[in-house]
Amino acid sequence: MAESPDVPSADNTPENPGSGSLSETPDTTGGTGGTPRRGRVRARRAAVMAIPATLAAAGLAIFTAQGVLGVTLFISGMPFTVTAKSLQGTGFEQFGALDHMIPGSPNAGDTGGDVLVVTSAIKKATLDSLCQSVDLGGTNLLIKAGSGSSKVEATDLTTDSTLLSGDASFNNIEIGNDASQLDKAGVQGPAGVFSQQADTVHIDNLRQTNYKTTAGTFTLPGLKLSFSDTGC
C-alpha cells in the first residue's frame, strides 16, 4: 500500500478566519492576577459549532451513498487523525485523487485550495478501538468508539488521506489497475489514474491523516466525544 507525503504538523495547521488564530486568543480566568490560558475559549466555541456540522455531514454522506443527492463535498482544509487497533475490510480499492476547498478558503495557504490525496474505499469495514481527533488550536476534539466487545462498523466507507500507515495484508490484490475500471468497492476513480484493489484488506495499528471521510452507514458503539490536550 503506497503512502503519501505527510501533511504539516499541528504547529503548522492553518489558522481559522477572524481576528486571529485560536492559539492567539487568551482565555480570561476571572481571577485577579490569574495567568490567561491561551486558545481555550475560542477553541471550545469552535468545537461546539463543529459538532452539529459533523452530524449533518453524516446524514449527507448516507444520502450521497444511496444516490439521493449528487453533490460536491468541499473539504475544510483542516486535517484530522484517525487510528484503530485493527481494520478488517471486504471489497477494497485505492487510487489517487484531488480534493478541493471552497474558493477563497482561509486554509488554502500556498496549495491553491487543492490537496492531493489517496482515496481508500471499502465496501464493508470493521474497526477495533477507533479514535478520531482534530486539532482546533489549543485543544483537540476527540472521538472514540468501538473499544468494547462491539466494534465500529461501516459500509461504503471512503477516506481521503495524505498519510496511511500500519501492518497490512490483502487477499487477491490487483495492482496497476486503471482507476475508472475498479469494481471491488463500487467506487471508480479518474480515468488513467494508477490504482489497486483487493477482495479483502486487514490492517493492524492503523494510522491515517485524513481530509475527508464518507460512509453509507457508520455504527459507533460506546461513542465518547470529549476535548483533550492531546489527539489520537
# chains A, B, ... in the order shown; residues from 1 in each chain; ligands from 1
>>> closest_atom_pairs(of="range 124-209 of chain A", to="range 85-107 of chain A", cutoff="6 Å", atoms="only C-alpha atoms", output="tab-separated table")
residue	atom	partner	partner_atom	distance
A:Lys124	CA	A:Thr90	CA	5.3
A:Ala125	CA	A:Gly89	CA	4.3
A:Thr126	CA	A:Gln88	CA	5.2
A:Leu127	CA	A:Leu87	CA	4.5
A:Asp128	CA	A:Ser86	CA	5.3
A:Ser129	CA	A:Lys85	CA	5.8
A:Lys184	CA	A:Gly91	CA	4.7
A:Ala185	CA	A:Gly91	CA	4.8
A:Ser195	CA	A:Phe95	CA	4.4
A:Gln196	CA	A:Gln94	CA	5.4
A:Gln197	CA	A:Glu93	CA	4.2
A:Ala198	CA	A:Phe92	CA	5.2
A:Asp199	CA	A:Gly91	CA	4.9
A:Thr200	CA	A:Thr90	CA	4.5
A:Val201	CA	A:Gly89	CA	5.1
A:His202	CA	A:Gln88	CA	4.6
A:Ile203	CA	A:Leu87	CA	5.1
A:Asp204	CA	A:Ser86	CA	4.3
A:Asn205	CA	A:Lys85	CA	4.8
>>> write_last_selection(atoms="C-alpha atoms", output="PDB file, in the first residue's frame")
ATOM      1  CA  LYS A 124     -17.728  -3.183   4.416  1.00  0.00           C
ATOM      2  CA  ALA A 125     -15.323  -2.378   7.267  1.00  0.00           C
ATOM      3  CA  THR A 126     -14.944  -3.307  10.940  1.00  0.00           C
ATOM      4  CA  LEU A 127     -12.624  -1.253  13.171  1.00  0.00           C
ATOM      5  CA  ASP A 128     -11.385  -2.060  16.671  1.00  0.00           C
ATOM      6  CA  SER A 129     -10.868   0.909  19.058  1.00  0.00           C
ATOM      7  CA  LYS A 184     -14.417  -4.295  -5.676  1.00  0.00           C
ATOM      8  CA  ALA A 185     -15.993  -1.498  -3.601  1.00  0.00           C
ATOM      9  CA  SER A 195      -4.895   2.224  -8.601  1.00  0.00           C
ATOM     10  CA  GLN A 196      -5.116  -1.090  -6.771  1.00  0.00           C
ATOM     11  CA  GLN A 197      -7.894  -3.258  -5.380  1.00  0.00           C
ATOM     12  CA  ALA A 198      -8.362  -6.476  -3.398  1.00  0.00           C
ATOM     13  CA  ASP A 199     -11.097  -8.812  -2.200  1.00  0.00           C
ATOM     14  CA  THR A 200     -10.178  -8.169   1.450  1.00  0.00           C
ATOM     15  CA  VAL A 201      -7.808  -5.992   3.481  1.00  0.00           C
ATOM     16  CA  HIS A 202      -6.582  -6.280   7.075  1.00  0.00           C
ATOM     17  CA  ILE A 203      -4.543  -3.515   8.749  1.00  0.00           C
ATOM     18  CA  ASP A 204      -3.140  -3.600  12.285  1.00  0.00           C
ATOM     19  CA  ASN A 205      -2.032  -0.391  14.050  1.00  0.00           C
TER      20      ASN A 205
END
>>> closest_atom_pairs(of="range 95-190 of chain A", to="range 211-227 of chain A", cutoff="7 Å", atoms="only C-alpha atoms", output="Markdown table")
| residue | atom | partner | partner_atom | distance |
| --- | --- | --- | --- | --- |
| A:Thr139 | CA | A:Phe227 | CA | 6.5 |
| A:Asn140 | CA | A:Phe227 | CA | 5.5 |
| A:Leu141 | CA | A:Phe227 | CA | 4.9 |
| A:Leu142 | CA | A:Ser226 | CA | 5.3 |
| A:Ile143 | CA | A:Leu225 | CA | 4.6 |
| A:Lys144 | CA | A:Lys224 | CA | 5.2 |
| A:Ala145 | CA | A:Leu223 | CA | 4.5 |
| A:Gly146 | CA | A:Pro221 | CA | 5.3 |
| A:Ser150 | CA | A:Pro221 | CA | 6.3 |
| A:Lys151 | CA | A:Pro221 | CA | 6.6 |
| A:Val152 | CA | A:Leu220 | CA | 5.0 |
| A:Glu153 | CA | A:Thr219 | CA | 5.2 |
| A:Ala154 | CA | A:Phe218 | CA | 4.5 |
| A:Thr155 | CA | A:Thr217 | CA | 5.3 |
| A:Asp156 | CA | A:Gly216 | CA | 5.1 |
| A:Leu157 | CA | A:Ala215 | CA | 4.3 |
| A:Thr158 | CA | A:Thr214 | CA | 5.3 |
| A:Thr159 | CA | A:Thr213 | CA | 4.5 |
| A:Asp160 | CA | A:Lys212 | CA | 5.2 |
| A:Ser161 | CA | A:Tyr211 | CA | 6.1 |
>>> residues_around(residues="Phe194 in chain A", least_positions_apart="2", cutoff="7 Å", atoms="only C-alpha atoms", output="list in words")
Phe95, Gly176, Asn177, Asp178, Ala179 and Gly192 of chain A
>>> write_last_selection(atoms="N, CA, C and O atoms", output="PDB file, in the first residue's frame")
ATOM      1  N   PHE A  95      -6.869   4.691  -4.879  1.00  0.00           N
ATOM      2  CA  PHE A  95      -6.401   5.424  -6.050  1.00  0.00           C
ATOM      3  C   PHE A  95      -6.137   6.884  -5.673  1.00  0.00           C
ATOM      4  O   PHE A  95      -6.594   7.373  -4.634  1.00  0.00           O
ATOM      5  N   GLY A 176      -2.052  -1.773 -10.205  1.00  0.00           N
ATOM      6  CA  GLY A 176      -1.817  -1.154 -11.501  1.00  0.00           C
ATOM      7  C   GLY A 176      -3.062  -0.985 -12.337  1.00  0.00           C
ATOM      8  O   GLY A 176      -2.969  -0.644 -13.522  1.00  0.00           O
ATOM      9  N   ASN A 177      -4.231  -1.202 -11.750  1.00  0.00           N
ATOM     10  CA  ASN A 177      -5.477  -1.027 -12.487  1.00  0.00           C
ATOM     11  C   ASN A 177      -5.669   0.426 -12.906  1.00  0.00           C
ATOM     12  O   ASN A 177      -5.170   1.349 -12.265  1.00  0.00           O
ATOM     13  N   ASP A 178      -6.470   0.636 -13.949  1.00  0.00           N
ATOM     14  CA  ASP A 178      -6.977   1.967 -14.252  1.00  0.00           C
ATOM     15  C   ASP A 178      -8.099   2.262 -13.258  1.00  0.00           C
ATOM     16  O   ASP A 178      -9.022   1.462 -13.083  1.00  0.00           O
ATOM     17  N   ALA A 179      -8.009   3.407 -12.585  1.00  0.00           N
ATOM     18  CA  ALA A 179      -8.950   3.704 -11.505  1.00  0.00           C
ATOM     19  C   ALA A 179     -10.405   3.744 -11.959  1.00  0.00           C
ATOM     20  O   ALA A 179     -11.309   3.500 -11.165  1.00  0.00           O
ATOM     21  N   GLY A 192      -7.258   6.777 -16.309  1.00  0.00           N
ATOM     22  CA  GLY A 192      -5.829   6.931 -16.487  1.00  0.00           C
ATOM     23  C   GLY A 192      -5.038   7.046 -15.205  1.00  0.00           C
ATOM     24  O   GLY A 192      -3.817   7.201 -15.251  1.00  0.00           O
TER      25      GLY A 192
END
>>> select_by_dssp(residues="range 57-228 of chain A", states="strand (DSSP E)", output="PyMOL selection string")
chain A and resi 80-100+114-128+130-135+140-145+152-171+174-178+194-214+217-219+224-228
>>> closest_residue(among="A:Cys232, A:Leu206, A:Ala108, A:Val118", to="Ser165 in chain A", atoms="only C-alpha atoms")
A:Leu206
>>> select_by_dssp(residues="range 61-151 of chain A", states="alpha helix (DSSP H)", output="PyMOL selection string")
chain A and resi 61-65
>>> write_last_selection(atoms="C-alpha atoms", output="short mmCIF file (atom, residue, chain, number, x, y, z; two decimals), in the first residue's frame")
data_model
loop_
_atom_site.label_atom_id
_atom_site.label_comp_id
_atom_site.auth_asym_id
_atom_site.auth_seq_id
_atom_site.Cartn_x
_atom_site.Cartn_y
_atom_site.Cartn_z
CA ALA A 61 -22.98 11.02 3.40
CA ILE A 62 -25.80 8.49 3.74
CA PHE A 63 -27.94 10.21 1.10
CA THR A 64 -24.98 10.57 -1.24
CA ALA A 65 -24.07 6.88 -0.94
#
>>> atom_distance(atom1="CA of Gly138 in chain A", atom2="CA of Phe74 in chain A")
25.0 Å
>>> closest_residue(among="A:Ser133, A:Thr111, A:Ser76, A:Ser120", to="Thr230 in chain A", atoms="only C-alpha atoms")
A:Ser133
